[in-house]
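query.txt (compact mmCIF, C-alpha atoms)
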```txt
# COMPACT_ATOMS: atom_id res chain seq x y z
CA MET A 5 133.43 77.31 111.10
CA GLN A 6 133.28 76.37 114.76
CA PRO A 7 136.15 77.35 117.05
CA PRO A 8 138.31 74.49 118.22
CA PRO A 9 137.18 73.03 121.55
CA LYS A 10 138.94 74.37 124.61
CA LYS A 11 141.67 72.18 125.97
CA GLN A 12 140.51 70.74 129.25
CA ALA A 13 142.88 70.47 132.15
CA PRO A 14 143.86 66.88 132.76
CA GLU A 15 142.25 65.18 135.71
CA PRO A 16 144.69 64.81 138.61
CA PHE A 17 145.96 61.33 139.22
CA VAL A 18 144.61 59.64 142.33
CA PHE A 19 147.15 57.38 144.02
CA ARG A 20 146.52 54.86 146.70
CA SER A 21 149.57 56.15 148.49
CA LEU A 22 152.23 58.84 148.41
CA ASN A 23 155.84 58.04 149.21
CA LEU A 24 158.53 60.73 148.95
CA ARG A 25 162.14 60.29 150.05
CA GLN A 26 165.21 62.50 149.85
CA GLN A 27 168.88 61.95 150.64
CA ASN A 28 171.59 64.37 151.71
CA ALA A 29 174.92 64.95 149.97
CA LYS A 30 176.43 61.95 151.77
CA GLY A 31 173.75 59.63 150.45
CA GLU A 32 172.12 59.33 153.89
CA PRO A 33 168.33 59.65 154.25
CA ALA A 34 167.34 63.28 154.91
CA TRP A 35 163.55 63.04 155.13
CA GLU A 36 160.59 61.01 153.96
CA LEU A 37 156.84 61.58 153.69
CA THR A 38 154.03 59.11 153.16
CA SER A 39 150.25 59.24 152.81
CA PRO A 40 147.63 56.52 152.26
CA GLU A 41 145.82 58.70 149.66
CA ALA A 42 147.01 61.51 147.39
CA ARG A 43 145.89 63.42 144.28
CA TYR A 44 148.66 64.53 141.93
CA ASP A 45 148.47 67.30 139.32
CA ILE A 46 151.26 66.68 136.79
CA GLU A 47 151.20 70.13 135.15
CA ARG A 48 151.32 72.00 138.44
CA ARG A 49 153.60 69.44 140.11
CA LEU A 50 151.29 69.57 143.10
CA ALA A 51 150.14 66.75 145.33
CA GLN A 52 147.35 66.93 147.90
CA ALA A 53 147.36 64.24 150.56
CA ARG A 54 145.59 63.19 153.74
CA ASN A 55 146.87 61.71 156.99
CA LEU A 56 150.50 62.45 156.23
CA GLN A 57 153.29 60.77 158.15
CA GLY A 58 156.91 61.82 157.84
CA VAL A 59 160.36 61.41 159.37
CA THR A 60 163.37 63.71 159.40
CA TYR A 61 166.82 62.20 159.85
CA LEU A 62 169.96 63.32 161.66
CA ARG A 63 173.21 61.69 160.52
CA GLY A 64 171.20 58.99 158.85
CA LYS A 65 169.07 58.11 161.89
CA PRO A 66 165.39 59.01 162.55
CA HIS A 67 165.25 62.22 164.58
CA TYR A 68 161.75 63.74 164.35
CA ARG A 69 158.41 62.22 163.40
CA VAL A 70 155.97 64.52 161.56
CA SER A 71 152.22 64.09 161.11
CA ALA A 72 149.30 66.18 159.83
CA ARG A 73 145.69 65.66 158.78
CA VAL A 74 146.15 67.21 155.34
CA GLY A 75 149.08 68.46 153.30
CA THR A 76 150.03 69.99 149.98
CA VAL A 77 153.35 69.06 148.35
CA LEU A 78 154.65 71.61 145.83
CA ASN A 79 157.31 71.01 143.16
CA ASP A 80 157.86 67.43 144.25
CA GLY A 81 158.88 68.39 147.76
CA GLU A 82 160.41 71.88 147.54
CA LEU A 83 157.63 73.14 149.80
CA ILE A 84 155.25 71.10 151.96
CA GLN A 85 152.25 72.84 153.49
CA LEU A 86 150.94 70.92 156.52
CA GLU A 87 147.58 71.72 158.09
CA GLY A 88 145.33 70.38 160.83
CA ASP A 89 146.84 69.21 164.13
CA VAL A 90 150.44 69.21 162.88
CA ARG A 91 152.71 67.27 165.25
CA ILE A 92 156.50 67.23 165.29
CA THR A 93 157.81 64.71 167.80
CA LEU A 94 161.40 64.34 168.97
CA LEU A 95 162.12 60.61 169.04
CA GLY A 96 163.86 58.99 171.99
CA LYS A 97 163.35 58.03 175.61
CA ASP A 98 162.37 61.58 176.67
CA PRO A 99 160.24 62.86 173.75
CA VAL A 100 159.21 66.42 173.01
CA LEU A 101 156.01 67.28 171.13
CA ILE A 102 155.74 70.45 169.01
CA ARG A 103 152.26 71.29 167.73
CA SER A 104 150.67 73.87 165.47
CA GLN A 105 147.67 74.07 163.17
CA GLN A 106 149.69 75.25 160.18
CA VAL A 107 153.30 74.56 159.23
CA ARG A 108 155.28 75.44 156.10
CA TRP A 109 158.04 72.86 155.69
CA LEU A 110 160.98 73.72 153.41
CA PRO A 111 163.03 70.49 153.30
CA ARG A 112 166.00 71.89 151.36
CA GLN A 113 166.45 74.62 153.98
CA GLU A 114 165.69 72.19 156.81
CA LEU A 115 163.21 74.74 158.11
CA MET A 116 159.65 74.62 159.43
CA VAL A 117 157.71 77.87 159.77
CA MET A 118 154.70 78.06 162.09
CA ASP A 119 152.52 81.11 161.43
CA ALA A 120 149.84 79.87 163.84
CA LYS A 121 150.26 79.30 167.58
CA ALA A 122 153.13 76.93 168.39
CA VAL A 123 153.17 74.72 171.49
CA ALA A 124 156.19 72.65 172.59
CA THR A 125 155.67 70.23 175.49
CA ASP A 126 158.00 67.92 177.37
CA ARG A 127 157.46 65.89 180.53
CA LEU A 128 157.40 68.85 182.95
CA SER A 129 157.15 72.06 180.92
CA ARG A 130 155.44 73.74 178.00
CA LEU A 131 156.60 76.57 175.74
CA THR A 132 154.06 78.54 173.69
CA ALA A 133 154.25 81.45 171.24
CA ASN A 134 152.06 83.07 168.59
CA LYS A 135 154.53 82.04 165.88
CA ALA A 136 157.77 80.10 165.58
CA ARG A 137 160.54 78.86 163.28
CA PHE A 138 162.10 75.44 163.71
CA LEU A 139 165.61 75.03 162.28
CA LEU A 140 166.01 71.29 162.08
CA GLN A 141 169.76 71.12 161.42
CA GLN A 142 170.55 73.40 164.38
CA ASP A 143 167.80 71.80 166.48
CA ARG A 144 166.61 75.28 167.43
CA LEU A 145 163.03 76.37 167.96
CA GLU A 146 162.75 80.16 167.67
CA LEU A 147 159.67 81.36 169.57
CA ARG A 148 158.34 84.81 168.74
CA GLY A 149 155.16 86.63 169.60
CA GLN A 150 154.58 86.58 173.38
CA PRO A 151 156.58 83.42 174.27
CA GLN A 152 155.60 81.80 177.55
CA LEU A 153 157.10 79.03 179.69
CA GLU A 154 154.91 76.95 182.00
CA ARG A 155 156.27 74.46 184.50
CA TRP A 156 154.59 71.78 186.64
CA ASP A 157 155.40 70.20 189.99
CA PRO A 158 156.73 66.66 189.23
CA SER A 159 154.70 65.10 192.07
CA ARG A 160 151.47 66.74 190.92
CA THR A 161 152.20 65.80 187.32
CA LYS A 162 152.66 62.14 188.29
CA ALA A 163 149.40 62.12 190.24
CA ALA A 164 147.51 63.64 187.31
CA SER A 165 149.15 61.14 184.94
CA ASP A 166 148.09 58.23 187.17
CA ARG A 167 144.51 59.49 187.23
CA GLY A 168 144.60 59.96 183.48
CA THR A 169 145.94 56.43 182.96
CA ALA A 170 143.12 54.96 185.07
CA ALA A 171 140.52 56.96 183.18
CA ALA A 172 142.01 55.99 179.83
CA ALA A 173 141.80 52.30 180.75
CA THR A 174 138.02 52.55 181.17
CA THR A 175 137.52 54.31 177.83
CA ALA A 176 140.11 52.53 175.70
CA ALA A 177 137.46 50.84 173.56
CA THR A 178 136.03 54.15 172.37
CA ALA A 179 139.18 56.31 172.38
CA SER A 180 140.34 57.72 169.04
CA PRO A 181 143.98 57.49 167.84
CA THR A 182 144.42 61.22 168.54
CA THR A 183 143.23 61.10 172.15
CA GLU A 184 145.10 63.72 174.18
CA PRO A 185 147.44 62.71 177.03
CA ALA A 186 146.10 63.00 180.55
CA PRO A 187 145.68 66.70 181.46
CA ARG A 188 148.35 68.21 183.68
CA PRO A 189 147.54 70.24 186.79
CA ALA A 190 147.64 74.01 186.71
CA ALA A 191 151.17 75.28 186.13
CA GLN A 192 153.15 76.18 189.25
CA GLU A 193 155.23 78.78 187.41
CA ILE A 194 154.52 80.84 184.31
CA LEU A 195 157.29 82.92 182.73
CA THR A 196 156.76 85.38 179.89
CA VAL A 197 159.63 86.78 177.80
CA ARG A 198 160.15 88.94 174.69
CA ARG A 199 161.65 86.16 172.57
CA ALA A 200 163.11 82.72 173.23
CA ASP A 201 165.32 80.12 171.49
CA TRP A 202 165.08 76.52 172.68
CA SER A 203 166.81 73.30 171.67
CA PRO A 204 164.40 70.38 172.19
CA GLY A 205 167.26 67.86 171.99
CA SER A 206 169.70 69.38 174.48
CA GLY A 207 167.18 71.43 176.47
CA LEU A 208 169.20 74.67 176.21
CA LEU A 209 167.05 77.79 176.55
CA GLN A 210 167.91 81.46 175.97
CA ALA A 211 165.34 84.21 176.34
CA ALA A 212 165.52 87.99 176.00
CA GLY A 213 163.64 90.09 178.51
CA PRO A 214 161.99 91.66 180.14
CA VAL A 215 161.22 88.42 181.99
CA ARG A 216 158.16 88.23 184.20
CA GLY A 217 157.25 85.12 186.19
CA ARG A 218 154.17 84.28 188.20
CA ARG A 219 153.88 81.45 190.72
CA SER A 220 150.69 79.77 191.84
CA ASP A 221 151.17 81.23 195.36
CA GLY A 222 150.99 84.79 194.00
CA GLN A 223 154.71 85.58 194.01
CA VAL A 224 155.99 87.60 191.01
CA ILE A 225 159.55 87.26 189.67
CA THR A 226 161.17 89.69 187.21
CA ALA A 227 164.59 89.71 185.50
CA SER A 228 166.36 91.29 182.54
CA ALA A 229 166.80 87.96 180.69
CA LEU A 230 167.20 84.26 181.34
CA GLU A 231 169.18 81.25 180.18
CA GLY A 232 169.09 77.67 181.28
CA ASN A 233 168.35 74.07 180.41
CA LEU A 234 164.83 72.66 180.67
CA ARG A 235 166.03 69.06 180.43
CA GLN A 236 168.27 69.66 183.44
CA GLY A 237 165.45 71.59 185.10
CA PHE A 238 166.89 75.05 185.77
CA VAL A 239 166.91 78.63 184.49
CA ASP A 240 169.35 81.38 185.42
CA LEU A 241 167.63 84.73 185.98
CA LEU A 242 169.91 87.59 184.93
CA ALA A 243 170.28 90.79 186.95
CA PRO A 244 168.49 92.71 188.15
CA VAL A 245 166.30 90.00 189.71
CA ARG A 246 163.32 90.92 191.87
CA VAL A 247 160.85 88.69 193.73
CA SER A 248 157.66 90.30 195.04
CA ASP A 249 155.23 88.73 197.50
CA PRO A 250 152.26 91.12 197.88
CA GLY A 251 150.45 88.82 200.30
CA ARG A 252 153.29 89.06 202.83
CA LYS A 253 154.29 92.67 202.03
CA GLY A 254 157.68 91.38 200.94
CA TRP A 255 160.22 91.82 198.17
CA LEU A 256 163.71 90.64 197.33
CA GLU A 257 166.37 92.08 195.00
CA ALA A 258 169.43 90.12 193.83
CA GLU A 259 171.96 89.66 191.03
CA ARG A 260 172.16 86.55 188.84
CA SER A 261 170.09 83.82 190.48
CA ARG A 262 169.50 80.17 189.63
CA TRP A 263 165.93 78.91 189.72
CA ASP A 264 165.96 75.12 190.10
CA LEU A 265 162.62 74.22 188.56
CA ALA A 266 162.90 70.56 189.49
CA GLY A 267 164.07 71.08 193.08
CA GLN A 268 161.97 74.22 193.59
CA THR A 269 164.84 76.36 194.90
CA LEU A 270 166.08 79.88 194.14
CA ARG A 271 169.77 80.54 194.86
CA THR A 272 172.25 83.37 194.44
CA ALA A 273 175.90 83.49 195.49
CA THR A 274 175.99 87.29 195.31
CA PRO A 275 174.81 89.98 197.78
CA PHE A 276 171.09 90.62 198.01
CA ARG A 277 168.62 92.70 200.00
CA GLY A 278 164.95 92.35 200.82
CA GLN A 279 162.06 93.50 202.97
CA LEU A 280 159.29 91.64 204.79
CA ASP A 281 156.81 94.12 206.20
CA LYS A 282 158.88 96.05 208.79
CA LEU A 283 161.86 93.68 208.69
CA ALA A 284 164.76 94.50 206.31
CA LEU A 285 167.13 91.65 205.38
CA GLN A 286 170.42 91.50 203.48
CA GLY A 287 173.31 89.11 203.12
CA ASN A 288 176.18 87.86 200.96
CA ALA A 289 174.26 84.87 199.55
CA LEU A 290 170.76 83.42 199.55
CA ASP A 291 169.08 80.03 199.30
CA ILE A 292 165.27 79.80 199.12
CA ASP A 293 163.48 76.44 199.26
CA LEU A 294 160.13 77.31 197.66
CA GLN A 295 158.57 73.95 198.47
CA ARG A 296 159.49 73.98 202.19
CA GLU A 297 158.98 77.77 202.37
CA LEU A 298 162.43 78.13 203.94
CA VAL A 299 164.83 81.05 203.46
CA VAL A 300 168.52 80.55 204.32
CA VAL A 301 171.17 83.29 204.38
CA PRO A 302 174.39 81.23 204.51
CA ALA A 303 176.78 84.17 204.88
CA GLY A 304 176.75 87.74 206.19
CA CYS A 305 173.20 87.85 207.57
CA ASP A 306 172.07 91.37 208.53
CA LEU A 307 168.60 92.25 209.84
CA GLN A 308 167.16 95.69 210.53
CA GLN A 309 163.83 96.61 212.08
CA PRO A 310 162.55 99.61 214.08
CA GLY A 311 164.63 99.81 217.28
CA GLU A 312 166.72 96.68 216.59
CA SER A 313 169.42 95.27 214.33
CA LEU A 314 170.99 91.81 214.20
CA ARG A 315 174.11 90.38 212.59
CA ALA A 316 175.01 86.70 212.34
CA GLN A 317 176.97 84.29 210.21
CA THR A 318 173.84 82.37 209.14
CA CYS A 319 170.09 82.98 209.31
CA ARG A 320 167.17 80.64 208.65
CA TRP A 321 163.55 81.70 208.37
CA ASN A 322 160.40 79.71 207.63
CA TRP A 323 157.87 82.12 206.16
CA SER A 324 154.87 79.84 206.67
CA THR A 325 155.43 79.40 210.46
CA GLY A 326 157.24 82.70 211.00
CA ARG A 327 160.02 80.95 212.96
CA PHE A 328 163.47 82.52 212.75
CA GLU A 329 166.97 81.33 213.71
CA ALA A 330 170.31 83.20 213.74
CA VAL A 331 173.52 81.19 214.26
CA GLY A 332 177.22 82.08 214.62
CA ASP A 333 178.65 85.22 216.29
CA VAL A 334 175.19 86.70 216.77
CA VAL A 335 175.07 90.38 217.76
CA LEU A 336 171.70 91.97 218.58
CA ASN A 337 171.61 95.75 219.04
CA ARG A 338 168.62 97.49 220.65
CA SER A 339 168.36 101.26 220.62
CA ALA A 340 166.66 101.24 224.04
CA TYR A 341 169.42 101.75 226.62
CA LYS A 342 171.90 100.97 223.81
CA GLN A 343 171.61 97.29 224.70
CA VAL A 344 173.97 94.88 222.93
CA THR A 345 173.41 91.11 223.18
CA ARG A 346 175.93 88.54 221.96
CA ALA A 347 175.24 84.84 221.62
CA ALA A 348 176.12 81.77 219.61
CA ARG A 349 172.47 81.48 218.60
CA LEU A 350 169.20 83.38 218.86
CA ASP A 351 165.73 82.15 217.94
CA GLY A 352 162.73 84.24 217.13
CA ALA A 353 159.47 84.63 215.27
CA ILE A 354 157.86 87.19 213.03
CA GLY A 355 154.95 88.72 214.93
CA LYS A 356 151.62 90.03 213.65
CA GLN A 357 153.03 93.55 213.46
CA GLY A 358 155.69 92.41 210.99
CA GLN A 359 158.59 92.57 213.45
CA ALA A 360 160.88 89.81 214.71
CA VAL A 361 160.85 88.90 218.42
CA PHE A 362 164.07 87.14 219.55
CA THR A 363 164.64 84.59 222.35
CA THR A 364 167.66 82.60 223.55
CA PRO A 365 167.37 78.78 223.43
CA GLY A 366 169.27 78.21 226.70
CA GLY A 367 172.82 79.02 225.64
CA ARG A 368 175.25 81.53 227.16
CA VAL A 369 174.37 85.15 226.43
CA ASN A 370 176.38 88.31 227.04
CA SER A 371 174.33 91.51 227.21
CA GLN A 372 175.46 95.08 227.77
CA LEU A 373 173.20 98.10 228.28
CA THR A 374 173.54 101.75 229.31
CA LEU A 375 171.24 103.07 232.05
CA PRO A 376 169.34 106.36 231.62
CA PRO A 377 171.37 109.54 232.14
CA PRO A 378 171.56 111.12 235.63
CA GLY A 379 168.50 113.03 236.75
CA ALA A 380 166.11 111.22 234.49
CA GLY A 381 162.70 110.59 236.07
CA GLY A 382 163.27 113.17 238.85
CA THR A 383 166.03 111.22 240.63
CA LYS A 384 168.92 113.03 242.23
CA ALA A 385 172.04 113.51 240.19
CA ARG A 386 174.63 110.82 240.71
CA LYS A 387 177.90 109.81 239.18
CA PRO A 388 177.57 108.55 235.57
CA ALA A 389 176.52 104.90 235.50
CA ALA A 390 178.87 102.43 233.94
CA PRO A 391 177.58 99.92 231.37
CA VAL A 392 176.10 96.81 233.03
CA ALA A 393 177.14 93.37 231.78
CA PHE A 394 175.17 90.17 232.43
```

Let's see the structure in the file written out as structure tokens.
Amino acid sequence: MQPPPKKQAPEPFVFRSLNLRQQNAKGEPAWELTSPEARYDIERRLAQARNLQGVTYLRGKPHYRVSARVGTVLNDGELIQLEGDVRITLLGKDPVLIRSQQVRWLPRQELMVMDAKAVATDRLSRLTANKARFLLQQDRLELRGQPQLERWDPSRTKAASDRGTAAAATTAATASPTTEPAPRPAAQEILTVRRADWSPGSGLLQAAGPVRGRRSDGQVITASALEGNLRQGFVDLLAPVRVSDPGRKGWLEAERSRWDLAGQTLRTATPFRGQLDKLALQGNALDIDLQRELVVVPAGCDLQQPGESLRAQTCRWNWSTGRFEAVGDVVLNRSAYKQVTRAARLDGAIGKQGQAVFTTPGGRVNSQLTLPPPGAGGTKARKPAAPVAF
């Protein structure tokens, strides 16, 4: 007697298309997923599809578009495994693109898990991490594993985009549907953090430190943490904040400071101190224009260098030209002869030896100095000399 033939597994159904839709408790569309070709295994409740396209909804309206080269749908949509150039695009006038090579999508939990490198890009910045979780309902992208923020100069980005548009026009006939956007220039700033949470919709960003930033000009910025809004183009560096410029032998220490990424400024309304070679600087507030290379101390300016000190209401210094300007109740003290100079304004420049040399731009100056003590230089003793005023 021959044993009964083994039961063969049924051949999976091959569909011309796959179309899955799900609604929320209010009857509004929650998500949908389509594919032009899919194979479905009834017993395993598993579908394998190519060229998937999907949409997630927020309050019944399309919110994110999802695409992937291949995908596996388990238990009729309880888990969707997306692979191969997975793209999650925020819809709207200012889109954000999130990319990874592998994404586990759990629709019921409104969660996407990226175990491979995740890259989120908007018009002027890019966030990357070794892994990430995207909570769709909260619109929060949790970046873990060496998160990094890169930022571009808007003018350079536009120029690169224009060149890319011209190049794309000449190759449009042969370009594939997945052709990359025009490449951006090298990032002006790169910030690394321990972990970061970002909302693509609102732009809100919170990152735990230590924070370390590097600019294209070699300056290094560190902070304990940061928070900000990438859509509004700023991050707040949390104390202690330090800026180092090895090329100019300079450093700066401050409390909470706002880095305007769009306007390329660094500001703090709290006391700070710094050093540029032999020149020490401190004040009650600080405004640095990184693009114009201009430092402004709007209140309580205090300079110290070997043999001299200066106080003024406001100081301005251009670190590319070395030109310096002190304005408002200026008092310059020189240790030689105990000379004291008062003026409404003093100009100066940072010399090759790292010290400031001051001049008066034609205004009224009041100087007071004390002559050497009697008998100095072999002269006969005389009555003590009174201070001389000019």

(Q) Could you check the closest approach to Thr226 of chain A for each of A:Leu195, A:Leu22, A:Ala211, A:Ala200 and tell me which residue wins, using only C-alpha atoms? (A)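 Between A:Leu195, A:Leu22, A:Ala211, A:Ala200, the residue approaching Thr226 of chain A most closely is A:Leu195.
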
Q | Selected residue of minimal separation from Lys97 of chain A among A:Arg112, A:His67, A:Arg130, A:Arg346, counting only C-alpha atoms | A |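 Of the candidates, the smallest distance to Lys97 of chain A is held by A:His67.
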
Q. Quick one, how far is atom CA of Tyr61 of chain A from atom CA of Ala34 of chain A?
A. 5.1 Å

Q) For Thr364 of chain A, which residue out of A:Ala258, A:Ala347, A:Leu147, A:Val335 is the nearest one, using all atoms listed in the file? A) A:Ala347

Q: Please provide as a PyMOL selection string all residues within 7 Å of Leu265 of chain A, with the sequence filter that same-chain residues fewer than 3 positions apart are discarded (counting only C-alpha atoms).
A: chain A and resi 237-238+268

Q: May I have the residues within 9 Å of Glu329 of chain A as a VMD selection string, using all atoms listed in the file and disregarding those fewer than 6 positions away in the same chain?
A: chain A and resid 318 to 321 349 to 353 362

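Interatomic distance, atom CA of Arg144 of chain A against atom CA of Asp201 of chain A: 6.4 Å.
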
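Going from atom CA of Gly304 of chain A to atom CA of Gly326 of chain A covers 20.7 Å.
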
Q) Between A:Leu307, A:Ile46, A:Leu62, A:Val100, which is the closest to Ala284 of chain A once you count all atoms listed in the file? A) A:Leu307
